[in-house]
Amino acid sequence: MSHHHFHGKNIPHVQISPNMKIEDLVEIYSNSGYNARQLGEAAKLFGKMIEDDATICLTIAGAMTPVGFGGLFKSLIERGFVDWIISTGSNLYHEDHFAWNLPVKQGHFEVDDMVLYEKDIVRIRDVYIKGEETLKKQDKIVQKMFDNNFFDKPFTTAEFANWMGKYSKEHSKSPQKSFVVSAYDYDVPLYISTLKDSSLALDLAPLRLANKPFELDFVREIIEQAAILYNSKKAGIVEIGGGVPKNTAQQTGPLLDQILGLGHGGQNYIIQITDARPDTGGLSGATLQEGKSWGKVKDSHEDVVVVYADATIAFPVLCLYALSTQKTRKPKRLYKKLDQYYKDLSETYFSKK
């Protein structure tokens with residue numbers, strides 16, 4: 001698609017009013033320029049994904065749950081706007097604080113961390129978490145959660161997270177405050193892209209020292225993820241940040257094409273909200289267009305939008321627009337289909353060899 005012409009929309013002289021809705025704000029964004037325009041286009045593309053009944057993956061990097069954004073993920077799950085998730089382990093760990101009513105408070109970023117350490121306060125930018133009252137209590141919960149589970153046979157992180165959701169639903173004080181519980185309730189596969197790089201894995205260390213091995217079947221889960229894409233008529237990703245969650249979702253295309261030789265072509269749509277630069281060569285900042293060269297996305301010209309912004313500012317706009325403009329979808333309940341998807345993909349692969 002060529003953009004080398006003077007045929008674009010006229011830039012309006014923006015007007016706002018007290019009775020405007022989120023749809024009006026998104027329209028202002030999409031008709032303007034810079035990252036406001038990108039955010040407006042991203043919101044509309046998210047709506048298009050939902051209307052097209054695409055299988056939608058949400059990837060979560062960074063520290064989103066300590067600022068309470070698990071509630072946004074929960075809303076999207078319950079409206080059927082997210083079908084599967086790839087997250088860092090830390091986001092699940094910190095989300096559980098809310099379910100178990102463990103304190104997380106606003107703090108400040110202009111502080112002496114030597115003093116905070118002496119006061120047993122852990123800091124994530126301007127969010128404070130108590131060491132003894134929150135982290136250590138959470139550690140005991142996780143250890144009890146897995147004391148007699150998952151050490152006797154290989155498991156995937158989707159199974160691991162599903163058990164977390166089930167356990168928190170049945171035992172926590174406020175299960176309604178956990179998107180992990182909602183993922184369990186709605187059979188949304190929740191994969192942890194970096195399990196060993198989080199407190200969830202650290203909490204398993206005492207159990208491992210007690211001769212309880214935990215064997216992660218990471219190859220099975222990447223096959224499951226590719227099978228989700230393969231079994232989707234249309235598929236898209238909404239990426240918060242970049243990192244390993246972004247790559248885990250996008251590598252489904254290369255697995256199907258480059259490794260298994262099935263000629264799929266990748267995702268139909270991708271939205272990314274990031275502050276990472278593309279010129280460093282890192283995956284977090286790699287453009288979605290670059291992903292076409294790997295077979296991660298079907299079209300590098302359409303239905304791919306990068307918003308260069310702080311996700312804590314931009315993502316709520318995306319969510320509210322979807323919740324305000326789109327009807328609730330019937331949940332796809334992919335977690336219950338994973339075994340069959342795996343078997344079907346295996347049969348397809350060997351039939352083509």
# chains A, B, ... in the order shown; residues from 1 in each chain; ligands from 1
$ residues_around --residues "Leu283 of chain A" --least-positions-apart "6" --cutoff "10 Å" --atoms "only C-alpha atoms" --output "PyMOL selection string"
chain A and resi 242-244+246-247+276-277+290-291
$ select_by_dssp --residues "segment 149-333 of chain A" --states "alpha helix (DSSP H)" --output "NGL selection string"
:A and (157-171 or 179-185 or 199-202 or 205-209 or 218-230 or 243-250 or 252-254 or 288-292 or 311-325)
$ closest_residue --among "A:Gly71, A:Gly266, A:Gly8, A:Gly131" --to "Val104 of chain A" --atoms "only C-alpha atoms"
A:Gly131
$ closest_residue --among "A:His7, A:Gln38, A:Gly282, A:Met145" --to "Lys169 of chain A" --atoms "only C-alpha atoms"
A:Met145
$ residues_around --residues "Leu256 of chain A" --least-positions-apart "2" --cutoff "10 Å" --atoms "only C-alpha atoms" --output "CSV table (one decimal) with N, CA and C atoms, in the first residue's frame"
chain,number,residue,atom,x,y,z
A,223,ILE,N,3.9,-26.2,21.2
A,223,ILE,CA,3.1,-26.9,20.2
A,223,ILE,C,1.7,-26.6,20.4
A,226,ALA,N,1.0,-23.1,19.0
A,226,ALA,CA,0.9,-23.1,17.6
A,226,ALA,C,-0.4,-23.8,17.1
A,227,ALA,N,-0.8,-24.8,17.8
A,227,ALA,CA,-2.0,-25.5,17.5
A,227,ALA,C,-3.3,-24.6,17.6
A,229,LEU,N,-3.2,-21.4,17.1
A,229,LEU,CA,-3.2,-20.5,15.8
A,229,LEU,C,-3.7,-21.4,14.6
A,230,TYR,N,-3.2,-22.6,14.5
A,230,TYR,CA,-3.5,-23.4,13.4
A,230,TYR,C,-5.0,-23.7,13.3
A,251,GLN,N,6.0,-16.5,17.7
A,251,GLN,CA,6.8,-17.6,17.1
A,251,GLN,C,5.9,-18.7,16.7
A,252,THR,N,4.6,-18.6,17.0
A,252,THR,CA,3.7,-19.7,16.6
A,252,THR,C,3.7,-19.8,15.0
A,253,GLY,N,3.8,-18.7,14.3
A,253,GLY,CA,3.8,-18.7,12.9
A,253,GLY,C,5.1,-19.5,12.4
A,254,PRO,N,6.3,-19.0,12.8
A,254,PRO,CA,7.5,-19.8,12.4
A,254,PRO,C,7.5,-21.2,12.7
A,258,GLN,N,8.2,-22.7,9.4
A,258,GLN,CA,9.7,-23.0,9.2
A,258,GLN,C,10.0,-24.4,9.8
A,259,ILE,N,9.4,-24.8,10.9
A,259,ILE,CA,9.8,-26.1,11.5
A,259,ILE,C,8.9,-27.2,11.1
A,260,LEU,N,7.6,-27.0,11.1
A,260,LEU,CA,6.6,-28.1,10.7
A,260,LEU,C,6.2,-28.1,9.2
A,261,GLY,N,6.6,-27.0,8.5
A,261,GLY,CA,6.3,-27.0,7.1
A,261,GLY,C,4.9,-27.0,6.7
A,262,LEU,N,4.0,-26.4,7.5
A,262,LEU,CA,2.6,-26.4,7.2
A,262,LEU,C,2.1,-25.2,6.5
A,263,GLY,N,2.9,-24.2,6.2
A,263,GLY,CA,2.6,-23.1,5.4
A,263,GLY,C,1.4,-22.2,5.9
A,264,HIS,N,1.4,-21.9,7.1
A,264,HIS,CA,0.3,-21.1,7.7
A,264,HIS,C,0.3,-19.7,7.4
A,265,GLY,N,1.4,-19.0,7.8
A,265,GLY,CA,1.6,-17.6,7.5
A,265,GLY,C,1.5,-16.6,8.7
A,266,GLY,N,1.1,-17.1,9.8
A,266,GLY,CA,1.1,-16.3,11.0
A,266,GLY,C,-0.2,-15.6,11.3
A,295,GLY,N,7.4,-14.7,9.0
A,295,GLY,CA,6.2,-15.4,8.9
A,295,GLY,C,5.3,-15.3,10.2
A,296,LYS,N,5.6,-14.3,11.0
A,296,LYS,CA,4.8,-14.1,12.2
A,296,LYS,C,3.5,-13.5,12.0
A,345,LEU,N,-2.8,-31.5,15.3
A,345,LEU,CA,-1.7,-30.9,14.7
A,345,LEU,C,-0.6,-32.0,14.5
A,349,TYR,N,0.8,-33.0,10.8
A,349,TYR,CA,2.3,-32.9,10.5
A,349,TYR,C,2.8,-34.2,9.9
$ atom_distance --atom1 "atom CA of Lys330 of chain A" --atom2 "atom CA of Val307 of chain A"
28.4 Å
$ closest_residue --among "A:Glu215, A:Glu224, A:Glu41, A:Asp310" --to "Ser346 of chain A" --atoms "only C-alpha atoms"
A:Glu224
$ closest_residue --among "A:Phe81, A:Phe315, A:Tyr184, A:Tyr93" --to "Gly165 of chain A" --atoms "only C-alpha atoms"
A:Tyr184
$ atom_distance --atom1 "atom CA of Pro175 of chain A" --atom2 "atom CA of His97 of chain A"
10.4 Å
$ residues_around --residues "segment 106-123 of chain A" --least-positions-apart "4" --cutoff "10 Å" --atoms "only C-alpha atoms" --output "VMD selection string"
chain A and resid 66 to 67 127 to 135
$ write_last_selection --atoms "C-alpha atoms" --output "PDB file, in the first residue's frame"
ATOM      1  CA  PRO A  66       1.001  -4.429  40.850  1.00  0.00           C
ATOM      2  CA  VAL A  67      -0.835  -1.311  39.625  1.00  0.00           C
ATOM      3  CA  VAL A 127       4.176   1.012  44.258  1.00  0.00           C
ATOM      4  CA  TYR A 128       5.061  -0.380  47.686  1.00  0.00           C
ATOM      5  CA  ILE A 129       4.775  -4.013  48.761  1.00  0.00           C
ATOM      6  CA  LYS A 130       5.586  -5.239  52.263  1.00  0.00           C
ATOM      7  CA  GLY A 131       8.120  -8.015  52.549  1.00  0.00           C
ATOM      8  CA  GLU A 132       6.758  -9.887  55.572  1.00  0.00           C
ATOM      9  CA  GLU A 133       3.060  -9.025  55.256  1.00  0.00           C
ATOM     10  CA  THR A 134       2.748  -9.569  51.525  1.00  0.00           C
ATOM     11  CA  LEU A 135       5.639 -11.312  49.791  1.00  0.00           C
TER      12      LEU A 135
END
$ closest_residue --among "A:Asp96, A:Asp147, A:His171, A:Lys44" --to "Asn211 of chain A" --atoms "only C-alpha atoms"
A:Asp147
$ closest_residue --among "A:Pro189, A:Pro213, A:Gly236, A:Gly80" --to "Lys337 of chain A" --atoms "only C-alpha atoms"
A:Pro189
$ select_by_dssp --residues "segment 47-262 of chain A" --states "strand (DSSP E or B)" --output "ChimeraX atom specification"
/A:55-60,84-87,104-106,121-124,127-130,155,190-192,216,235-240
$ residues_around --residues "segment 56-64 of chain A" --least-positions-apart "2" --cutoff "9 Å" --atoms "only C-alpha atoms" --output "ChimeraX atom specification"
/A:49-50,53-54,66-70,73,81-88,90-91,94-95,124,234-246,248-249,311-312
$ write_last_selection --atoms "N, CA, C and O atoms" --output "compact mmCIF listing (two decimals), in the first residue's frame"
# COMPACT_ATOMS: atom_id res chain seq x y z
N MET A 49 -11.01 -7.13 15.50
CA MET A 49 -10.67 -8.50 15.90
C MET A 49 -11.87 -9.17 16.54
O MET A 49 -12.19 -10.33 16.25
N ILE A 50 -12.52 -8.44 17.45
CA ILE A 50 -13.66 -8.99 18.18
C ILE A 50 -14.82 -9.25 17.23
O ILE A 50 -15.45 -10.32 17.25
N ASP A 53 -14.57 -12.28 15.14
CA ASP A 53 -14.51 -13.49 15.96
C ASP A 53 -13.13 -14.14 15.89
O ASP A 53 -12.99 -15.37 15.88
N ALA A 54 -12.10 -13.31 15.84
CA ALA A 54 -10.73 -13.83 15.83
C ALA A 54 -10.40 -14.45 17.18
O ALA A 54 -10.96 -14.08 18.21
N PRO A 66 0.81 -5.21 39.62
CA PRO A 66 1.00 -4.43 40.85
C PRO A 66 0.27 -3.09 40.85
O PRO A 66 0.02 -2.53 41.92
N VAL A 67 -0.06 -2.56 39.67
CA VAL A 67 -0.83 -1.31 39.62
C VAL A 67 -2.32 -1.58 39.45
O VAL A 67 -3.11 -0.67 39.14
N GLY A 68 -2.74 -2.83 39.62
CA GLY A 68 -4.15 -3.16 39.62
C GLY A 68 -4.75 -3.50 38.28
O GLY A 68 -5.97 -3.69 38.17
N PHE A 69 -3.93 -3.61 37.23
CA PHE A 69 -4.48 -3.80 35.90
C PHE A 69 -4.99 -5.22 35.65
O PHE A 69 -5.56 -5.50 34.58
N GLY A 70 -4.80 -6.11 36.62
CA GLY A 70 -5.41 -7.43 36.49
C GLY A 70 -6.92 -7.33 36.35
O GLY A 70 -7.55 -8.18 35.73
N PHE A 73 -7.72 -7.11 32.70
CA PHE A 73 -7.62 -8.41 32.03
C PHE A 73 -8.84 -9.26 32.36
O PHE A 73 -9.38 -9.96 31.50
N PHE A 81 -13.39 -11.32 25.15
CA PHE A 81 -12.52 -10.56 24.25
C PHE A 81 -11.07 -11.04 24.28
O PHE A 81 -10.24 -10.54 23.50
N VAL A 82 -10.76 -11.96 25.17
CA VAL A 82 -9.43 -12.57 25.23
C VAL A 82 -9.62 -14.07 25.34
O VAL A 82 -10.34 -14.55 26.21
N ASP A 83 -8.97 -14.82 24.46
CA ASP A 83 -9.16 -16.27 24.39
C ASP A 83 -8.00 -17.07 24.98
O ASP A 83 -8.18 -18.20 25.40
N TRP A 84 -6.81 -16.48 24.95
CA TRP A 84 -5.67 -17.11 25.62
C TRP A 84 -4.64 -16.03 25.93
O TRP A 84 -4.69 -14.92 25.38
N ILE A 85 -3.78 -16.32 26.90
CA ILE A 85 -2.88 -15.31 27.46
C ILE A 85 -1.48 -15.88 27.59
O ILE A 85 -1.30 -17.06 27.93
N ILE A 86 -0.49 -15.02 27.35
CA ILE A 86 0.90 -15.33 27.67
C ILE A 86 1.41 -14.20 28.55
O ILE A 86 1.37 -13.03 28.16
N SER A 87 1.87 -14.52 29.75
CA SER A 87 2.28 -13.51 30.72
C SER A 87 3.61 -13.88 31.37
O SER A 87 3.98 -15.06 31.42
N THR A 88 4.29 -12.89 31.87
CA THR A 88 5.41 -13.17 32.76
C THR A 88 4.87 -13.78 34.05
O THR A 88 3.72 -13.56 34.44
N SER A 90 5.76 -13.01 37.04
CA SER A 90 5.60 -11.99 38.08
C SER A 90 4.21 -11.40 38.08
O SER A 90 3.67 -11.05 39.14
N ASN A 91 3.59 -11.28 36.92
CA ASN A 91 2.24 -10.72 36.86
C ASN A 91 1.22 -11.64 37.53
O ASN A 91 0.25 -11.16 38.14
N HIS A 94 2.02 -11.38 41.54
CA HIS A 94 1.52 -10.15 42.17
C HIS A 94 0.00 -10.03 42.08
O HIS A 94 -0.62 -9.41 42.95
N GLU A 95 -0.61 -10.62 41.07
CA GLU A 95 -2.07 -10.61 40.99
C GLU A 95 -2.68 -11.33 42.18
O GLU A 95 -3.73 -10.94 42.69
N ILE A 124 8.25 -1.11 43.49
CA ILE A 124 8.17 -1.21 42.03
C ILE A 124 7.77 0.19 41.55
O ILE A 124 6.61 0.57 41.61
N LYS A 234 -9.33 -16.97 12.12
CA LYS A 234 -8.57 -15.72 12.16
C LYS A 234 -7.97 -15.60 13.55
O LYS A 234 -8.57 -16.07 14.53
N ALA A 235 -6.81 -14.97 13.65
CA ALA A 235 -6.12 -14.89 14.95
C ALA A 235 -5.40 -13.57 15.07
O ALA A 235 -4.92 -12.99 14.09
N GLY A 236 -5.34 -13.06 16.31
CA GLY A 236 -4.65 -11.80 16.56
C GLY A 236 -4.05 -11.77 17.94
O GLY A 236 -4.36 -12.60 18.80
N ILE A 237 -3.17 -10.80 18.14
CA ILE A 237 -2.48 -10.63 19.42
C ILE A 237 -2.61 -9.17 19.85
O ILE A 237 -2.46 -8.26 19.03
N VAL A 238 -2.87 -8.96 21.13
CA VAL A 238 -2.76 -7.64 21.75
C VAL A 238 -1.59 -7.73 22.71
O VAL A 238 -1.63 -8.50 23.68
N GLU A 239 -0.55 -6.98 22.42
CA GLU A 239 0.70 -7.10 23.18
C GLU A 239 0.91 -5.89 24.09
O GLU A 239 0.97 -4.75 23.61
N ILE A 240 1.01 -6.14 25.37
CA ILE A 240 1.40 -5.11 26.33
C ILE A 240 2.90 -5.24 26.54
O ILE A 240 3.37 -6.22 27.10
N GLY A 241 3.65 -4.25 26.06
CA GLY A 241 5.10 -4.36 26.11
C GLY A 241 5.59 -5.35 25.06
O GLY A 241 4.91 -5.62 24.07
N GLY A 242 6.78 -5.88 25.31
CA GLY A 242 7.35 -6.81 24.34
C GLY A 242 7.89 -8.04 25.03
O GLY A 242 7.16 -8.81 25.62
N GLY A 243 9.21 -8.19 24.95
CA GLY A 243 9.88 -9.25 25.69
C GLY A 243 9.48 -10.65 25.27
O GLY A 243 9.01 -10.91 24.16
N VAL A 244 9.66 -11.58 26.21
CA VAL A 244 9.40 -12.99 25.94
C VAL A 244 7.92 -13.26 25.64
O VAL A 244 7.62 -14.05 24.75
N PRO A 245 6.96 -12.64 26.35
CA PRO A 245 5.56 -12.91 25.99
C PRO A 245 5.26 -12.57 24.53
O PRO A 245 4.56 -13.33 23.85
N LYS A 246 5.77 -11.45 24.04
CA LYS A 246 5.55 -11.07 22.64
C LYS A 246 6.10 -12.13 21.70
O LYS A 246 5.40 -12.58 20.78
N THR A 248 6.86 -15.27 22.32
CA THR A 248 6.20 -16.56 22.48
C THR A 248 4.94 -16.64 21.64
O THR A 248 4.67 -17.66 21.00
N ALA A 249 4.17 -15.56 21.63
CA ALA A 249 2.95 -15.54 20.82
C ALA A 249 3.26 -15.50 19.33
O ALA A 249 2.63 -16.19 18.53
N ALA A 311 2.03 1.78 28.54
CA ALA A 311 0.87 0.89 28.50
C ALA A 311 -0.13 1.19 29.62
O ALA A 311 -1.33 0.96 29.46
N THR A 312 0.35 1.74 30.74
CA THR A 312 -0.58 2.05 31.83
C THR A 312 -1.50 3.22 31.45
O THR A 312 -2.56 3.39 32.06
$ residues_around --residues "Lys74 of chain A" --least-positions-apart "4" --cutoff "9 Å" --atoms "only C-alpha atoms" --output "list in words"
Phe69, Gly70, Glu78, Arg79, Gln176, Lys177, Ser178, Phe179, Val180, Val181, Ser182 and Ala183 of chain A
$ write_last_selection --atoms "all heavy atoms" --output "CSV table (one decimal), in the first residue's frame"
chain,number,residue,atom,x,y,z
A,69,PHE,N,-3.9,-3.6,37.2
A,69,PHE,CA,-4.5,-3.8,35.9
A,69,PHE,C,-5.0,-5.2,35.6
A,69,PHE,O,-5.6,-5.5,34.6
A,69,PHE,CB,-3.4,-3.4,34.8
A,69,PHE,CG,-3.4,-1.9,34.5
A,69,PHE,CD1,-3.7,-1.0,35.5
A,69,PHE,CD2,-3.1,-1.5,33.3
A,69,PHE,CE1,-3.7,0.3,35.2
A,69,PHE,CE2,-3.1,-0.1,33.0
A,69,PHE,CZ,-3.4,0.8,34.0
A,70,GLY,N,-4.8,-6.1,36.6
A,70,GLY,CA,-5.4,-7.4,36.5
A,70,GLY,C,-6.9,-7.3,36.4
A,70,GLY,O,-7.6,-8.2,35.7
A,78,GLU,N,-13.9,-12.0,30.8
A,78,GLU,CA,-15.3,-12.3,31.1
A,78,GLU,C,-16.2,-11.8,30.0
A,78,GLU,O,-17.4,-12.3,29.9
A,78,GLU,CB,-15.7,-11.6,32.4
A,78,GLU,CG,-14.9,-12.3,33.6
A,78,GLU,CD,-15.2,-11.7,34.9
A,78,GLU,OE1,-15.8,-10.6,35.0
A,78,GLU,OE2,-14.7,-12.3,35.9
A,79,ARG,N,-15.8,-10.9,29.1
A,79,ARG,CA,-16.6,-10.4,28.0
A,79,ARG,C,-16.3,-11.3,26.8
A,79,ARG,O,-16.9,-11.1,25.7
A,79,ARG,CB,-16.3,-8.9,27.7
A,79,ARG,CG,-16.9,-8.0,28.7
A,79,ARG,CD,-18.4,-7.9,28.7
A,79,ARG,NE,-18.9,-7.2,27.5
A,79,ARG,CZ,-19.1,-5.9,27.4
A,79,ARG,NH1,-18.9,-5.1,28.4
A,79,ARG,NH2,-19.5,-5.4,26.3
A,176,GLN,N,-12.7,-12.9,43.4
A,176,GLN,CA,-13.2,-12.0,42.3
A,176,GLN,C,-12.2,-10.9,41.9
A,176,GLN,O,-12.3,-10.2,40.9
A,176,GLN,CB,-14.5,-11.3,42.8
A,176,GLN,CG,-14.3,-10.2,43.8
A,176,GLN,CD,-14.2,-10.7,45.2
A,176,GLN,OE1,-14.1,-11.9,45.5
A,176,GLN,NE2,-14.2,-9.8,46.2
A,177,LYS,N,-11.1,-10.8,42.7
A,177,LYS,CA,-10.0,-9.8,42.4
A,177,LYS,C,-8.9,-10.4,41.6
A,177,LYS,O,-7.7,-9.9,41.7
A,177,LYS,CB,-9.5,-9.2,43.6
A,177,LYS,CG,-10.6,-8.3,44.3
A,177,LYS,CD,-10.0,-7.7,45.6
A,177,LYS,CE,-11.0,-6.8,46.3
A,177,LYS,NZ,-10.4,-6.2,47.6
A,178,SER,N,-9.1,-11.5,40.9
A,178,SER,CA,-8.0,-12.2,40.2
A,178,SER,C,-8.3,-12.6,38.8
A,178,SER,O,-9.3,-13.3,38.6
A,178,SER,CB,-7.6,-13.5,41.0
A,178,SER,OG,-6.6,-14.2,40.2
A,179,PHE,N,-7.5,-12.1,37.8
A,179,PHE,CA,-7.8,-12.5,36.4
A,179,PHE,C,-7.3,-13.9,36.2
A,179,PHE,O,-7.8,-14.6,35.3
A,179,PHE,CB,-7.0,-11.5,35.5
A,179,PHE,CG,-5.6,-11.8,35.2
A,179,PHE,CD1,-5.3,-12.7,34.1
A,179,PHE,CD2,-4.6,-11.3,35.9
A,179,PHE,CE1,-3.9,-13.0,33.9
A,179,PHE,CE2,-3.3,-11.6,35.7
A,179,PHE,CZ,-2.9,-12.4,34.6
A,180,VAL,N,-6.5,-14.4,37.1
A,180,VAL,CA,-6.1,-15.9,37.0
A,180,VAL,C,-7.3,-16.7,37.3
A,180,VAL,O,-7.5,-17.8,36.7
A,180,VAL,CB,-4.9,-16.1,38.0
A,180,VAL,CG1,-4.4,-17.6,37.8
A,180,VAL,CG2,-3.7,-15.2,37.7
A,181,VAL,N,-8.1,-16.3,38.3
A,181,VAL,CA,-9.3,-17.1,38.6
A,181,VAL,C,-10.3,-17.0,37.5
A,181,VAL,O,-10.9,-18.0,37.1
A,181,VAL,CB,-9.9,-16.5,39.9
A,181,VAL,CG1,-11.3,-17.1,40.1
A,181,VAL,CG2,-9.1,-16.8,41.1
A,182,SER,N,-10.4,-15.8,36.8
A,182,SER,CA,-11.3,-15.7,35.7
A,182,SER,C,-10.8,-16.5,34.5
A,182,SER,O,-11.6,-17.1,33.8
A,182,SER,CB,-11.4,-14.2,35.3
A,182,SER,OG,-12.1,-13.4,36.2
A,183,ALA,N,-9.5,-16.6,34.3
A,183,ALA,CA,-9.0,-17.5,33.3
A,183,ALA,C,-9.4,-18.9,33.5
A,183,ALA,O,-9.7,-19.7,32.6
A,183,ALA,CB,-7.5,-17.4,33.2
$ residues_around --residues "Ile11 of chain A" --least-positions-apart "4" --cutoff "9 Å" --atoms "only C-alpha atoms" --output "list of chain:residue names"
A:Asn31, A:Ser32, A:Gly33
$ write_last_selection --atoms "C-alpha atoms" --output "mmCIF file, in the first residue's frame"
data_model
loop_
_atom_site.group_PDB
_atom_site.id
_atom_site.type_symbol
_atom_site.label_atom_id
_atom_site.label_comp_id
_atom_site.auth_asym_id
_atom_site.auth_seq_id
_atom_site.Cartn_x
_atom_site.Cartn_y
_atom_site.Cartn_z
ATOM 1 C CA ASN A 31 -8.288 11.456 13.083
ATOM 2 C CA SER A 32 -5.236 13.236 14.497
ATOM 3 C CA GLY A 33 -1.561 12.288 14.299
#
$ atom_distance --atom1 "atom CA of Phe98 of chain A" --atom2 "atom CA of Asp126 of chain A"
17.5 Å
